[in-house]
>>> print(open('target-v3.tsv').read())   # TSV, C-alpha atoms
chain	number	residue	atom	x	y	z
A	367	LEU	CA	142.07	12.77	77.03
A	368	PRO	CA	140.43	9.43	76.16
A	369	LEU	CA	142.40	7.19	73.83
A	370	THR	CA	141.14	6.79	70.30
A	371	LEU	CA	139.12	3.68	69.53
A	372	GLY	CA	141.35	1.02	67.99
A	373	ASN	CA	145.12	0.60	68.09
A	374	ASP	CA	146.25	2.46	64.97
A	375	LEU	CA	146.89	5.75	66.83
A	376	ASN	CA	147.95	4.27	70.18
A	377	VAL	CA	151.18	2.73	71.47
A	378	GLU	CA	151.21	-0.36	73.69
A	379	LEU	CA	154.02	-0.14	76.25
A	380	VAL	CA	155.30	-3.65	76.87
A	381	CYS	CA	157.20	-2.73	80.06
A	382	CYS	CA	154.06	-1.79	82.02
A	383	ASN	CA	151.27	-2.94	79.66
A	384	LYS	CA	149.76	0.54	79.44
A	385	LYS	CA	148.59	2.41	76.36
A	386	ILE	CA	149.26	6.01	75.38
A	387	CYS	CA	148.46	7.93	72.23
A	388	ASP	CA	151.02	8.48	69.48
A	389	GLY	CA	151.14	12.21	70.30
A	390	CYS	CA	152.18	11.66	73.91
A	391	PHE	CA	154.70	9.00	72.92
A	392	ASN	CA	156.29	11.20	70.26
A	393	ALA	CA	156.36	14.20	72.64
A	394	HIS	CA	158.24	12.05	75.17
A	395	GLN	CA	160.78	10.99	72.56
A	396	ILE	CA	161.32	14.59	71.45
A	397	LYS	CA	161.87	15.61	75.07
A	398	GLU	CA	164.45	12.85	75.52
A	399	ASP	CA	166.29	14.00	72.39
A	400	GLU	CA	166.23	17.65	73.48
A	401	GLU	CA	167.59	16.82	76.92
A	402	GLN	CA	170.30	14.65	75.37
A	403	VAL	CA	170.08	12.06	78.10
A	404	GLU	CA	173.55	10.62	78.71
A	405	ASN	CA	172.62	7.78	81.04
A	406	PRO	CA	172.01	4.75	78.74
A	407	TRP	CA	169.42	3.37	81.17
A	408	LEU	CA	167.35	6.54	80.91
A	409	GLN	CA	167.49	6.58	77.13
A	410	ASP	CA	164.42	5.04	75.47
A	411	SER	CA	162.61	5.14	78.80
A	412	CYS	CA	158.89	4.49	79.15
A	413	PRO	CA	156.93	7.77	79.47
A	414	LEU	CA	154.75	6.20	82.17
A	415	CYS	CA	156.73	3.78	84.33
A	416	ARG	CA	160.16	5.30	83.43
A	417	HIS	CA	161.72	1.87	82.95
A	418	HIS	CA	164.02	1.31	80.01
A	419	ARG	CA	161.73	0.25	77.16
A	420	PRO	CA	162.51	-3.24	75.82
A	421	LEU	CA	163.91	-2.94	72.30
A	422	SER	CA	164.89	-6.52	71.42
A	423	ASP	CA	162.64	-9.58	71.16
A	424	ALA	CA	164.50	-11.13	74.10
A	425	GLU	CA	163.80	-8.08	76.27
A	426	VAL	CA	160.14	-8.07	75.23
A	427	ASP	CA	159.82	-11.76	76.15
A	428	ALA	CA	161.46	-11.15	79.53
A	429	PHE	CA	159.13	-8.25	80.36
A	430	THR	CA	156.11	-10.29	79.22
A	431	ARG	CA	157.09	-13.23	81.43
A	432	ARG	CA	157.40	-10.93	84.43
A	433	ARG	CA	154.00	-9.37	83.76
A	434	ILE	CA	152.41	-12.82	83.41
A	435	GLU	CA	153.99	-13.97	86.68
A	436	ALA	CA	152.43	-10.87	88.26
A	437	ASN	CA	149.02	-11.90	86.85
A	438	ASP	CA	148.78	-8.80	84.69
A	439	PRO	CA	145.52	-9.23	82.72
A	440	VAL	CA	146.79	-7.20	79.74
A	441	ALA	CA	149.88	-9.39	79.39
A	442	LEU	CA	147.75	-12.53	79.68
A	443	ARG	CA	145.36	-11.23	77.03
A	444	GLU	CA	148.20	-10.34	74.65
A	445	VAL	CA	149.65	-13.85	74.95
A	446	GLY	CA	146.17	-15.12	74.13
A	447	ASN	CA	146.14	-12.85	71.08
A	448	ASP	CA	149.46	-14.33	70.00
A	449	GLY	CA	147.94	-17.79	70.32
A	450	SER	CA	145.04	-16.75	68.10
A	451	VAL	CA	147.41	-15.41	65.43
A	452	GLU	CA	149.37	-18.66	65.61
A	453	GLU	CA	146.05	-20.59	65.35
A	454	ASP	CA	146.80	-22.17	68.73
A	455	TYR	CA	143.24	-21.75	69.98
A	456	VAL	CA	143.77	-23.79	73.13
A	457	LYS	CA	146.47	-21.31	74.19
A	458	ALA	CA	144.29	-18.36	73.17
A	459	PHE	CA	141.28	-19.62	75.11
A	460	GLN	CA	143.32	-20.41	78.24
A	461	TYR	CA	145.04	-17.02	78.42
A	462	TRP	CA	141.93	-15.05	77.52
A	463	SER	CA	140.03	-16.92	80.22
A	464	ARG	CA	142.66	-16.03	82.82
A	465	ALA	CA	142.62	-12.38	81.73
A	466	ALA	CA	138.82	-12.28	81.80
A	467	GLU	CA	138.79	-13.68	85.35
A	468	LEU	CA	140.92	-10.66	86.28
A	469	GLY	CA	138.38	-8.29	84.71
A	470	ASP	CA	139.93	-7.53	81.31
A	471	ALA	CA	137.21	-6.21	78.98
A	472	GLU	CA	139.05	-7.07	75.77
A	473	ALA	CA	139.53	-10.68	76.90
A	474	HIS	CA	135.81	-10.95	77.66
A	475	HIS	CA	135.12	-9.57	74.19
A	476	HIS	CA	137.39	-12.16	72.57
A	477	LEU	CA	135.70	-14.97	74.48
A	478	GLY	CA	132.33	-13.68	73.38
A	479	SER	CA	133.35	-13.34	69.74
A	480	VAL	CA	131.17	-15.42	67.50
A	481	MET	CA	133.99	-17.24	65.76
A	482	TYR	CA	135.04	-18.90	69.01
A	483	TRP	CA	131.57	-20.12	69.86
A	484	GLU	CA	130.48	-21.26	66.40
A	485	ASP	CA	131.82	-23.73	63.87
A	486	GLY	CA	134.99	-22.68	62.05
A	487	GLU	CA	138.12	-21.28	63.65
A	488	GLY	CA	138.70	-22.73	67.08
A	489	GLU	CA	136.27	-25.59	66.46
A	490	GLY	CA	136.76	-28.31	69.06
A	491	VAL	CA	138.39	-25.95	71.57
A	492	VAL	CA	135.18	-24.64	73.05
A	493	GLU	CA	131.57	-25.70	72.72
A	494	LYS	CA	129.10	-23.40	71.10
A	495	ASP	CA	127.31	-21.86	74.07
A	496	GLU	CA	124.98	-18.92	73.53
A	497	LYS	CA	124.69	-18.17	77.25
A	498	LYS	CA	128.46	-17.94	77.67
A	499	LYS	CA	128.73	-15.83	74.55
A	500	ILE	CA	126.16	-13.35	75.92
A	501	TYR	CA	127.78	-13.43	79.37
A	502	HIS	CA	131.20	-12.44	78.03
A	503	LEU	CA	129.77	-9.75	75.74
A	504	GLU	CA	127.82	-8.32	78.67
A	505	GLU	CA	130.88	-8.34	80.93
A	506	ALA	CA	132.92	-6.56	78.26
A	507	SER	CA	130.10	-4.05	77.67
A	508	ILE	CA	129.79	-3.26	81.37
A	509	ARG	CA	133.51	-2.43	81.32
A	510	GLY	CA	133.01	0.04	78.46
A	511	HIS	CA	133.91	-2.06	75.41
A	512	PRO	CA	132.07	-0.44	72.46
A	513	ILE	CA	132.39	-3.33	70.00
A	514	ALA	CA	131.05	-5.82	72.53
A	515	ARG	CA	128.16	-3.43	73.13
A	516	ARG	CA	127.48	-3.30	69.39
A	517	ASN	CA	127.60	-7.09	69.18
A	518	LEU	CA	125.00	-7.32	71.95
A	519	GLY	CA	122.83	-5.05	69.81
A	520	ILE	CA	123.30	-7.37	66.84
A	521	VAL	CA	122.30	-10.37	68.96
A	522	ASP	CA	119.14	-8.58	70.12
A	523	LEU	CA	118.40	-7.36	66.60
A	524	SER	CA	118.58	-10.92	65.26
A	525	ASN	CA	115.99	-11.89	67.89
A	526	SER	CA	113.92	-8.73	67.57
A	527	ASN	CA	110.72	-10.72	67.04
A	528	GLU	CA	110.86	-11.40	70.78
A	529	GLY	CA	109.00	-8.42	72.19
A	530	ARG	CA	111.23	-5.65	73.54
A	531	ARG	CA	114.54	-6.92	72.15
A	532	PHE	CA	114.39	-4.53	69.18
A	533	GLU	CA	114.23	-1.55	71.55
A	534	ARG	CA	117.10	-3.00	73.56
A	535	ALA	CA	119.16	-3.46	70.38
A	536	ILE	CA	118.74	0.22	69.51
A	537	LYS	CA	119.82	1.20	73.03
A	538	HIS	CA	122.95	-0.94	72.68
A	539	PHE	CA	123.81	0.72	69.35
A	540	ILE	CA	123.31	4.21	70.79
A	541	ILE	CA	125.51	3.43	73.80
A	542	ALA	CA	128.21	2.05	71.49
A	543	ALA	CA	127.95	5.15	69.30
A	544	ASN	CA	128.38	7.31	72.41
A	545	LEU	CA	131.62	5.37	73.03
A	546	GLY	CA	132.91	6.23	69.57
A	547	ASP	CA	131.88	3.16	67.56
A	548	GLU	CA	131.23	4.30	63.98
A	549	GLU	CA	129.75	0.96	62.87
A	550	SER	CA	126.97	1.33	65.43
A	551	VAL	CA	126.06	4.67	63.85
A	552	ASP	CA	125.92	2.90	60.48
A	553	MET	CA	123.65	0.23	61.95
A	554	ILE	CA	121.24	2.86	63.28
A	555	LYS	CA	121.34	4.69	59.94
A	556	GLN	CA	120.38	1.50	58.09
A	557	ILE	CA	117.54	0.80	60.53
A	558	HIS	CA	116.31	4.39	60.14
A	559	GLU	CA	116.40	4.13	56.34
A	560	MET	CA	114.20	1.03	56.64
A	561	GLY	CA	111.68	3.22	58.47
A	562	ALA	CA	111.97	1.30	61.75
A	563	ILE	CA	113.20	4.20	63.92
A	564	SER	CA	112.83	7.96	63.89
A	565	ILE	CA	115.27	10.53	62.54
A	566	GLU	CA	115.60	11.81	66.12
A	567	LEU	CA	117.14	8.52	67.29
A	568	TYR	CA	119.54	8.50	64.38
A	569	ALA	CA	120.50	12.13	65.11
A	570	GLU	CA	121.07	11.22	68.77
A	571	ALA	CA	123.50	8.49	67.74
A	572	VAL	CA	125.38	10.83	65.39
A	573	ARG	CA	125.69	13.49	68.12
A	574	GLY	CA	126.95	10.95	70.63
A	575	TYR	CA	129.51	9.56	68.18
A	576	ASN	CA	130.79	13.01	67.20
A	577	ALA	CA	131.13	14.00	70.87
A	578	ALA	CA	133.12	10.83	71.61
A	579	VAL	CA	135.47	11.45	68.67
A	580	ASP	CA	135.90	15.15	69.54
A	581	ALA	CA	136.81	14.19	73.12
A	582	THR	CA	139.89	12.33	71.81
A	583	LYS	CA	141.21	15.27	69.79
A	584	SER	CA	143.91	17.74	70.72
A	585	PRO	CA	146.46	19.81	68.75
A	586	GLU	CA	149.22	17.41	69.85
A	587	ARG	CA	147.36	14.47	68.33
A	588	GLU	CA	146.66	16.12	64.99
>>> encode(input="target-v3.tsv", output="structure tokens")
Amino acid sequence: LPLTLGNDLNVELVCCNKKICDGCFNAHQIKEDEEQVENPWLQDSCPLCRHHRPLSDAEVDAFTRRRIEANDPVALREVGNDGSVEEDYVKAFQYWSRAAELGDAEAHHHLGSVMYWEDGEGEGVVEKDEKKKIYHLEEASIRGHPIARRNLGIVDLSNSNEGRRFERAIKHFIIAANLGDEESVDMIKQIHEMGAISIELYAEAVRGYNAAVDATKSPERE
């Protein structure tokens, strides 16, 4: 099953930098408890790589260092995220750039985020560059990032006086909706209520969004 959009119902496994849903993670823990694993190394094991899951901050740091040394793009991106939280934007930009070079969609999305290319947070770290912003959003979108796809739609919508860009914006929103992005559905609804697009296009976006959400559902996840 596809993972749900966002991180609130998913678990990030530090040992191998993979994600699984809460349902699978909880099922694995229940299985471990039922089997009453006696080997301490097998207790609290990762459901994917089977390594002992790091439980202390020191273990997490050690696993992260190893993943960075192995040029794991997810680990590099997460260190960049930490830099952003710490307001160390030089660190964030450097690690996101490395992760993006390795093809990480989320890192491309971060680099294309408006706040890092406009005045405000991160000012002085990177120059405002519309071409780079679009490049990173496009790279993230190509890799299936729904929010980056929506942001491309917003960029085109803001320049919709330029010929066919309005049509392209609607296509971006519909693609993002098909990937499970609820805000893109809201955007299309607002545009429809303004009388700029047909009810059929709005209905298409709703159907695509509902199908994407339904694809992530299972009894174990409920």
>>> atom_distance(input="target-v3.tsv", atom1="CA of Gly478 in chain A", atom2="CA of Ala458 in chain A")
12.8 Å
>>> closest_residue(input="target-v3.tsv", among="A:His474, A:Lys555, A:Cys382, A:Asp547", to="Thr430 in chain A", atoms="only C-alpha atoms")
A:Cys382
>>> closest_residue(input="target-v3.tsv", among="A:Asn383, A:Ser524, A:Ser564, A:Ser550", to="Ala436 in chain A", atoms="all atoms listed in the file")
A:Asn383
>>> residues_around(input="target-v3.tsv", residues="range 446-449 of chain A", least_positions_apart="2", cutoff="10 Å", atoms="all atoms listed in the file", output="list in words")
Val440, Ala441, Leu442, Arg443, Glu444, Val451, Glu452, Glu453, Asp454, Tyr455, Val456, Lys457, Ala458, Phe459, Gln460, Tyr461, Trp462, Ser463, Arg464, Ala465, Ala473 and His476 of chain A
>>> closest_residue(input="target-v3.tsv", among="A:Glu570, A:Ala506, A:Lys494, A:Ser479", to="Val521 in chain A", atoms="only C-alpha atoms")
A:Ser479
>>> atom_distance(input="target-v3.tsv", atom1="CA of Leu414 in chain A", atom2="CA of Lys583 in chain A")
20.5 Å
>>> atom_distance(input="target-v3.tsv", atom1="CA of Asn527 in chain A", atom2="CA of Leu567 in chain A")
20.3 Å
>>> closest_residue(input="target-v3.tsv", among="A:Ile520, A:Ala543, A:Pro413, A:Leu468", to="Cys387 in chain A", atoms="only C-alpha atoms")
A:Pro413
>>> closest_residue(input="target-v3.tsv", among="A:Leu518, A:Ala466, A:Glu378, A:Ile513", to="Phe532 in chain A", atoms="all atoms listed in the file")
A:Leu518
>>> build_atoms(input="target-v3.tsv", residues="range 495-506 of chain A", atoms="all heavy atoms", output="compact mmCIF listing (two decimals), in the frame of the given file")
# COMPACT_ATOMS: atom_id res chain seq x y z
N ASP A 495 128.13 -22.09 72.88
CA ASP A 495 127.31 -21.86 74.07
C ASP A 495 126.80 -20.43 74.04
O ASP A 495 127.54 -19.49 74.34
CB ASP A 495 128.15 -22.13 75.33
CG ASP A 495 127.31 -22.14 76.59
OD1 ASP A 495 126.36 -21.35 76.69
OD2 ASP A 495 127.62 -22.96 77.49
N GLU A 496 125.54 -20.26 73.68
CA GLU A 496 124.98 -18.92 73.53
C GLU A 496 124.99 -18.16 74.85
O GLU A 496 125.24 -16.95 74.88
CB GLU A 496 123.56 -19.02 72.98
CG GLU A 496 122.95 -17.70 72.55
CD GLU A 496 123.59 -17.12 71.30
OE1 GLU A 496 124.35 -17.84 70.62
OE2 GLU A 496 123.35 -15.93 71.02
N LYS A 497 124.72 -18.85 75.95
CA LYS A 497 124.69 -18.17 77.25
C LYS A 497 126.06 -17.62 77.62
O LYS A 497 126.18 -16.51 78.13
CB LYS A 497 124.18 -19.12 78.33
CG LYS A 497 122.68 -19.42 78.24
CD LYS A 497 122.22 -20.27 79.40
CE LYS A 497 120.71 -20.52 79.33
NZ LYS A 497 120.25 -21.38 80.45
N LYS A 498 127.11 -18.41 77.37
CA LYS A 498 128.46 -17.94 77.67
C LYS A 498 128.85 -16.79 76.76
O LYS A 498 129.51 -15.84 77.18
CB LYS A 498 129.46 -19.10 77.53
CG LYS A 498 129.42 -20.11 78.67
CD LYS A 498 130.48 -21.17 78.49
CE LYS A 498 130.46 -22.16 79.63
NZ LYS A 498 131.48 -23.22 79.45
N LYS A 499 128.45 -16.91 75.50
CA LYS A 499 128.73 -15.83 74.55
C LYS A 499 128.13 -14.52 75.05
O LYS A 499 128.81 -13.49 75.11
CB LYS A 499 128.15 -16.19 73.18
CG LYS A 499 128.16 -15.06 72.17
CD LYS A 499 127.46 -15.54 70.90
CE LYS A 499 127.19 -14.39 69.96
NZ LYS A 499 126.50 -14.81 68.74
N ILE A 500 126.85 -14.55 75.43
CA ILE A 500 126.16 -13.35 75.92
C ILE A 500 126.81 -12.87 77.21
O ILE A 500 127.00 -11.66 77.42
CB ILE A 500 124.67 -13.61 76.14
CG1 ILE A 500 124.00 -14.00 74.82
CG2 ILE A 500 123.99 -12.39 76.74
CD1 ILE A 500 124.12 -12.96 73.73
N TYR A 501 127.16 -13.80 78.10
CA TYR A 501 127.78 -13.43 79.37
C TYR A 501 129.05 -12.62 79.14
O TYR A 501 129.25 -11.55 79.73
CB TYR A 501 128.11 -14.69 80.19
CG TYR A 501 129.06 -14.43 81.33
CD1 TYR A 501 128.63 -13.80 82.50
CD2 TYR A 501 130.41 -14.78 81.23
CE1 TYR A 501 129.51 -13.54 83.54
CE2 TYR A 501 131.29 -14.53 82.26
CZ TYR A 501 130.84 -13.91 83.41
OH TYR A 501 131.73 -13.65 84.43
N HIS A 502 129.93 -13.13 78.25
CA HIS A 502 131.20 -12.44 78.03
C HIS A 502 130.99 -11.10 77.33
O HIS A 502 131.68 -10.11 77.65
CB HIS A 502 132.15 -13.32 77.23
CG HIS A 502 132.74 -14.45 78.02
ND1 HIS A 502 133.56 -14.24 79.10
CD2 HIS A 502 132.60 -15.80 77.91
CE1 HIS A 502 133.93 -15.40 79.61
NE2 HIS A 502 133.37 -16.36 78.91
N LEU A 503 130.05 -11.03 76.39
CA LEU A 503 129.77 -9.75 75.74
C LEU A 503 129.22 -8.74 76.74
O LEU A 503 129.56 -7.56 76.70
CB LEU A 503 128.78 -9.94 74.59
CG LEU A 503 129.30 -10.69 73.36
CD1 LEU A 503 128.19 -10.85 72.33
CD2 LEU A 503 130.49 -9.96 72.73
N GLU A 504 128.37 -9.22 77.65
CA GLU A 504 127.82 -8.32 78.67
C GLU A 504 128.90 -7.84 79.62
O GLU A 504 128.94 -6.65 79.99
CB GLU A 504 126.71 -9.03 79.45
CG GLU A 504 125.42 -9.20 78.66
CD GLU A 504 124.35 -9.95 79.43
OE1 GLU A 504 124.70 -10.64 80.42
OE2 GLU A 504 123.17 -9.85 79.04
N GLU A 505 129.80 -8.74 80.03
CA GLU A 505 130.88 -8.34 80.93
C GLU A 505 131.80 -7.32 80.26
O GLU A 505 132.24 -6.35 80.90
CB GLU A 505 131.69 -9.57 81.36
CG GLU A 505 130.96 -10.50 82.32
CD GLU A 505 130.68 -9.83 83.65
OE1 GLU A 505 131.60 -9.24 84.23
OE2 GLU A 505 129.52 -9.91 84.10
N ALA A 506 132.09 -7.52 78.98
CA ALA A 506 132.92 -6.56 78.26
C ALA A 506 132.20 -5.22 78.11
O ALA A 506 132.79 -4.16 78.26
CB ALA A 506 133.29 -7.11 76.87
